[in-house]
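First up is the structure itself, then whatever we jot down about it.
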Amino acid sequence: MNAQDILRQLFDAAIAAADPESCLPPHMPPDDGGRLIVIGAGKASAAMARAVEQHWSGPLDGLVVTRYGHGVPCERIEIVEAAHPVPDAAGEAAAARILAKVSGLNAEDRVLALISGGGSALLAAPAEGLSLADKRAITAALLKSGASIGEMNCVRKHLSAIKGGRLAAAAWPAPVLTLAISDVAGDDPSVIASGPTVADPTTCADALAVLARHGIKVPPEVAALLQSGALETPKPGDPRLAGGEVRLIATPRAALEAAAAAARAAGVTPVIL
């Protein structure tokens, strides 16, 4: 076996470790024939939705938004495509529909959230008092600034009506099970896709500090909303998020370990830095 073949085996092993078809089913809720409401966002969300369809026999209703070109055929879960990394009107409309789908639920309803990288841009629901144009301009400026993904998501959470735990809060009192594919260092669920179903430990003051640190100017009305605290997100301990659960079904580390195992099988000693 030549070096190119070995490298291909390593690559395939890493990709397989994050393939929703294999890594998602073990984390599904019990299929007791009951109704399941599926929502989600991210570059892998459509593939995740298809895996759910293949392993759920009961009533199924859902909507997920993925990046243009990343949709896959699904029969019971609607797939919408939108722009990434700078949000567009399709992402804004999809986010509004997802919020509407989980509104008015009760404690007996079950919500399954499928979250993966890219969800921040794809869930483009501006917070009250903001416009999509505001979010587009600020996102573009953050992308050019060199801000880390954690810094970017801190700002985006506070400018959103759906991220930073607000999606789970909208679904309350229905419990939300989140299945997430991590694309961030450290695998912090509150950072993956800006944590739409996870309590946010950052604050409006943190978001303002990120903007100041990178010299990003925002419209005066946006700055005023952040300074007033009107855009604050649900925090750890918020009772609306108490019934939620997050399961990381695939991580960068797991993909590296899978590639390392393939290397050892090929007689190569791997080193993970």
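In the structure tokens, the first chain shown is A, the next is B, and so on; residue numbers restart at 1 for each chain, and ligands run from 1 in the order shown.
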
Sel. of strand (DSSP E) residues, range 95-230 of chain A, as a PyMOL selection string: chain A and resi 111-116+176-181

Save out the residues we just selected, all heavy atoms, as a PDB file, in the first residue's frame.
```
ATOM      1  N   VAL A 111     -39.048  17.540  21.465  1.00  0.00           N
ATOM      2  CA  VAL A 111     -38.336  18.296  20.435  1.00  0.00           C
ATOM      3  C   VAL A 111     -36.927  17.739  20.302  1.00  0.00           C
ATOM      4  O   VAL A 111     -36.214  17.558  21.295  1.00  0.00           O
ATOM      5  CB  VAL A 111     -38.272  19.795  20.784  1.00  0.00           C
ATOM      6  CG1 VAL A 111     -37.484  20.560  19.714  1.00  0.00           C
ATOM      7  CG2 VAL A 111     -39.676  20.375  20.934  1.00  0.00           C
ATOM      8  N   LEU A 112     -36.530  17.462  19.065  1.00  0.00           N
ATOM      9  CA  LEU A 112     -35.180  16.999  18.767  1.00  0.00           C
ATOM     10  C   LEU A 112     -34.497  18.066  17.923  1.00  0.00           C
ATOM     11  O   LEU A 112     -34.953  18.383  16.822  1.00  0.00           O
ATOM     12  CB  LEU A 112     -35.214  15.668  18.013  1.00  0.00           C
ATOM     13  CG  LEU A 112     -33.851  15.070  17.628  1.00  0.00           C
ATOM     14  CD1 LEU A 112     -33.052  14.697  18.870  1.00  0.00           C
ATOM     15  CD2 LEU A 112     -34.040  13.847  16.733  1.00  0.00           C
ATOM     16  N   ALA A 113     -33.414  18.637  18.439  1.00  0.00           N
ATOM     17  CA  ALA A 113     -32.672  19.677  17.729  1.00  0.00           C
ATOM     18  C   ALA A 113     -31.394  19.076  17.146  1.00  0.00           C
ATOM     19  O   ALA A 113     -30.607  18.459  17.871  1.00  0.00           O
ATOM     20  CB  ALA A 113     -32.330  20.826  18.673  1.00  0.00           C
ATOM     21  N   LEU A 114     -31.198  19.273  15.856  1.00  0.00           N
ATOM     22  CA  LEU A 114     -30.034  18.757  15.141  1.00  0.00           C
ATOM     23  C   LEU A 114     -29.124  19.932  14.813  1.00  0.00           C
ATOM     24  O   LEU A 114     -29.447  20.760  13.952  1.00  0.00           O
ATOM     25  CB  LEU A 114     -30.476  18.038  13.868  1.00  0.00           C
ATOM     26  CG  LEU A 114     -31.561  16.965  14.047  1.00  0.00           C
ATOM     27  CD1 LEU A 114     -31.980  16.404  12.694  1.00  0.00           C
ATOM     28  CD2 LEU A 114     -31.072  15.852  14.971  1.00  0.00           C
ATOM     29  N   ILE A 115     -27.996  20.013  15.496  1.00  0.00           N
ATOM     30  CA  ILE A 115     -27.144  21.193  15.410  1.00  0.00           C
ATOM     31  C   ILE A 115     -25.745  20.813  14.946  1.00  0.00           C
ATOM     32  O   ILE A 115     -25.150  19.854  15.452  1.00  0.00           O
ATOM     33  CB  ILE A 115     -27.055  21.902  16.780  1.00  0.00           C
ATOM     34  CG1 ILE A 115     -28.455  22.264  17.295  1.00  0.00           C
ATOM     35  CG2 ILE A 115     -26.168  23.133  16.693  1.00  0.00           C
ATOM     36  CD1 ILE A 115     -29.226  23.228  16.410  1.00  0.00           C
ATOM     37  N   SER A 116     -25.221  21.573  13.986  1.00  0.00           N
ATOM     38  CA  SER A 116     -23.850  21.354  13.532  1.00  0.00           C
ATOM     39  C   SER A 116     -23.235  22.682  13.129  1.00  0.00           C
ATOM     40  O   SER A 116     -23.900  23.726  13.136  1.00  0.00           O
ATOM     41  CB  SER A 116     -23.820  20.359  12.361  1.00  0.00           C
ATOM     42  OG  SER A 116     -24.491  20.882  11.234  1.00  0.00           O
ATOM     43  N   VAL A 176     -36.118  19.630  25.245  1.00  0.00           N
ATOM     44  CA  VAL A 176     -35.373  19.629  23.980  1.00  0.00           C
ATOM     45  C   VAL A 176     -34.144  18.743  24.122  1.00  0.00           C
ATOM     46  O   VAL A 176     -33.297  18.974  24.995  1.00  0.00           O
ATOM     47  CB  VAL A 176     -34.945  21.052  23.581  1.00  0.00           C
ATOM     48  CG1 VAL A 176     -34.148  21.020  22.274  1.00  0.00           C
ATOM     49  CG2 VAL A 176     -36.157  21.966  23.437  1.00  0.00           C
ATOM     50  N   LEU A 177     -34.051  17.735  23.270  1.00  0.00           N
ATOM     51  CA  LEU A 177     -32.839  16.919  23.176  1.00  0.00           C
ATOM     52  C   LEU A 177     -32.046  17.417  21.977  1.00  0.00           C
ATOM     53  O   LEU A 177     -32.554  17.421  20.855  1.00  0.00           O
ATOM     54  CB  LEU A 177     -33.181  15.439  22.994  1.00  0.00           C
ATOM     55  CG  LEU A 177     -32.010  14.515  22.634  1.00  0.00           C
ATOM     56  CD1 LEU A 177     -30.927  14.520  23.724  1.00  0.00           C
ATOM     57  CD2 LEU A 177     -32.493  13.096  22.372  1.00  0.00           C
ATOM     58  N   THR A 178     -30.818  17.858  22.224  1.00  0.00           N
ATOM     59  CA  THR A 178     -29.964  18.370  21.157  1.00  0.00           C
ATOM     60  C   THR A 178     -28.894  17.348  20.816  1.00  0.00           C
ATOM     61  O   THR A 178     -28.150  16.905  21.694  1.00  0.00           O
ATOM     62  CB  THR A 178     -29.281  19.683  21.583  1.00  0.00           C
ATOM     63  OG1 THR A 178     -30.285  20.652  21.914  1.00  0.00           O
ATOM     64  CG2 THR A 178     -28.402  20.231  20.470  1.00  0.00           C
ATOM     65  N   LEU A 179     -28.829  16.972  19.551  1.00  0.00           N
ATOM     66  CA  LEU A 179     -27.753  16.142  19.044  1.00  0.00           C
ATOM     67  C   LEU A 179     -26.856  17.042  18.215  1.00  0.00           C
ATOM     68  O   LEU A 179     -27.301  17.653  17.236  1.00  0.00           O
ATOM     69  CB  LEU A 179     -28.303  14.997  18.191  1.00  0.00           C
ATOM     70  CG  LEU A 179     -29.328  14.073  18.866  1.00  0.00           C
ATOM     71  CD1 LEU A 179     -29.700  12.927  17.935  1.00  0.00           C
ATOM     72  CD2 LEU A 179     -28.800  13.536  20.187  1.00  0.00           C
ATOM     73  N   ALA A 180     -25.595  17.158  18.623  1.00  0.00           N
ATOM     74  CA  ALA A 180     -24.704  18.134  18.007  1.00  0.00           C
ATOM     75  C   ALA A 180     -23.453  17.492  17.445  1.00  0.00           C
ATOM     76  O   ALA A 180     -22.878  16.583  18.053  1.00  0.00           O
ATOM     77  CB  ALA A 180     -24.315  19.206  19.031  1.00  0.00           C
ATOM     78  N   ILE A 181     -23.055  17.969  16.283  1.00  0.00           N
ATOM     79  CA  ILE A 181     -21.761  17.617  15.695  1.00  0.00           C
ATOM     80  C   ILE A 181     -20.858  18.830  15.887  1.00  0.00           C
ATOM     81  O   ILE A 181     -21.138  19.910  15.350  1.00  0.00           O
ATOM     82  CB  ILE A 181     -21.890  17.263  14.206  1.00  0.00           C
ATOM     83  CG1 ILE A 181     -22.709  15.987  14.043  1.00  0.00           C
ATOM     84  CG2 ILE A 181     -20.518  17.095  13.565  1.00  0.00           C
ATOM     85  CD1 ILE A 181     -22.924  15.562  12.596  1.00  0.00           C
TER      86      ILE A 181
END
```

Which residues, written as a PyMOL selection string, have at least one atom at most 8 Å from Ala95 in chain A, with only C-alpha atoms counted and residues fewer than 5 positions away on the same chain left out? chain A and resi 122-125+162

Quick one: of A:Ala47, A:Ala185, A:Ala258, A:Ala169, who's nearest to Pro234 in chain A, counting only C-alpha atoms?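 That would be A:Ala169, the residue with the smallest distance to Pro234 in chain A.
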
Could you list, as a compact mmCIF listing (two decimals) with N, CA and C atoms, in the first residue's frame, every residue within 9 Å of range 133-138 of chain A, counting only C-alpha atoms and ignoring same-chain residues fewer than 6 positions away?
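Produced file part-v3.txt, reproduced below:
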```txt
# COMPACT_ATOMS: atom_id res chain seq x y z
N VAL A 86 -22.27 34.47 5.64
CA VAL A 86 -23.03 35.70 5.86
C VAL A 86 -24.50 35.38 5.62
N PRO A 87 -25.38 35.64 6.59
CA PRO A 87 -26.78 35.21 6.48
C PRO A 87 -27.54 35.93 5.37
N ASP A 88 -28.63 35.29 4.93
CA ASP A 88 -29.49 35.90 3.92
C ASP A 88 -30.95 35.77 4.32
N ALA A 124 -30.75 32.87 11.00
CA ALA A 124 -30.61 34.33 10.94
C ALA A 124 -31.88 35.04 11.37
N ALA A 125 -32.19 34.97 12.65
CA ALA A 125 -33.37 35.66 13.18
C ALA A 125 -32.91 36.86 14.00
N PRO A 126 -32.98 38.06 13.46
CA PRO A 126 -32.51 39.22 14.21
C PRO A 126 -33.33 39.44 15.48
N VAL A 155 -21.00 37.68 20.05
CA VAL A 155 -21.73 38.82 19.48
C VAL A 155 -23.01 38.34 18.80
N ARG A 156 -22.90 37.30 17.99
CA ARG A 156 -24.06 36.85 17.23
C ARG A 156 -25.20 36.38 18.13
N LEU A 159 -27.30 39.31 19.24
CA LEU A 159 -28.03 40.01 18.19
C LEU A 159 -29.13 39.13 17.60
N SER A 160 -29.41 38.00 18.24
CA SER A 160 -30.29 37.00 17.67
C SER A 160 -31.54 36.78 18.52
N ILE A 216 -14.85 47.22 15.64
CA ILE A 216 -16.05 47.08 14.80
C ILE A 216 -17.11 48.06 15.28
N LYS A 217 -17.51 48.97 14.39
CA LYS A 217 -18.54 49.93 14.72
C LYS A 217 -19.91 49.36 14.33
N VAL A 218 -20.88 49.55 15.20
CA VAL A 218 -22.24 49.09 14.93
C VAL A 218 -23.16 50.30 14.95
N PRO A 219 -24.34 50.19 14.33
CA PRO A 219 -25.28 51.31 14.36
C PRO A 219 -25.58 51.75 15.79
N VAL A 222 -28.10 49.71 17.71
CA VAL A 222 -27.65 48.38 18.12
C VAL A 222 -26.78 48.50 19.37
```

Can you measure CA of Ala259 in chain A to CA of Ala14 in chain A for me? One decimal in Å is fine. 5.1 Å

Residue contacts of Ala174 in chain A (9 Å, only C-alpha atoms) excluding same-chain residues fewer than 2 positions away, as an MDAnalysis selection string: chainID A and resid 102 105:111 168 171:172 176 243:244

For CA of Pro252 in chain A and CA of Val184 in chain A, the interatomic separation in Å (one decimal):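 Separating CA of Pro252 in chain A from CA of Val184 in chain A is a distance of 7.6 Å.
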
CA of Arg247 in chain A and CA of Pro29 in chain A are how many Å apart?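 Going from CA of Arg247 in chain A over to CA of Pro29 in chain A, I get 11.2 Å.
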
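If you count only C-alpha atoms and ignore residues fewer than 5 places along the chain from Ala261 in chain A, what sits within 10 Å of it is Leu10, Ala13, Ala14, Ala255, Leu256, Ala266, Gly267, Val268, Thr269 and Pro270 of chain A.
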
For Gly164 in chain A, please output as a list in words all residues within 10 Å (counting only C-alpha atoms; exclusion window: fewer than 3 positions along the same chain).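 Listing them by chain and then by number gives Ser120, Asn153, Cys154, Val155, Arg156, Lys157, His158, Leu159, Ser160, Ala161, Leu167, Ala168, Ala169, Ser190, Val191, Ala193, Ser194, Gly195, Pro196, Thr197, Val198, Ala199, Asp200, Pro201, Thr202, Glu232, Thr233, Pro234 and Lys235 of chain A.
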
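Using only C-alpha atoms, the nearest neighbour of Ala93 in chain A within the list A:Ala224, A:Leu132, A:Ile272, A:Ala242 is A:Leu132.
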
How close does each residue of range 226-267 of chain A get to range 19-23 of chain A, giving the shortest atom pair and distance in Å to one decimal for every residue with an atom at most 10 Å away, counting only C-alpha atoms, sorted by chain and residue number, as a tab-separated table?
```
residue	atom	partner	partner_atom	distance
A:Leu248	CA	A:Cys23	CA	9.7
A:Ile249	CA	A:Cys23	CA	5.9
A:Ala250	CA	A:Cys23	CA	6.8
```

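Counting only C-alpha atoms and comparing A:Leu231, A:Ala254, A:Leu143, A:Met1, the residue that lies closest to Ala16 in chain A is A:Ala254.
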
Option closest in space to Glu53 in chain A, from A:Arg76, A:Lys144, A:His84, A:His70 [counting only C-alpha atoms]: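 Counting only C-alpha atoms, the residue closest to Glu53 in chain A is A:Arg76.
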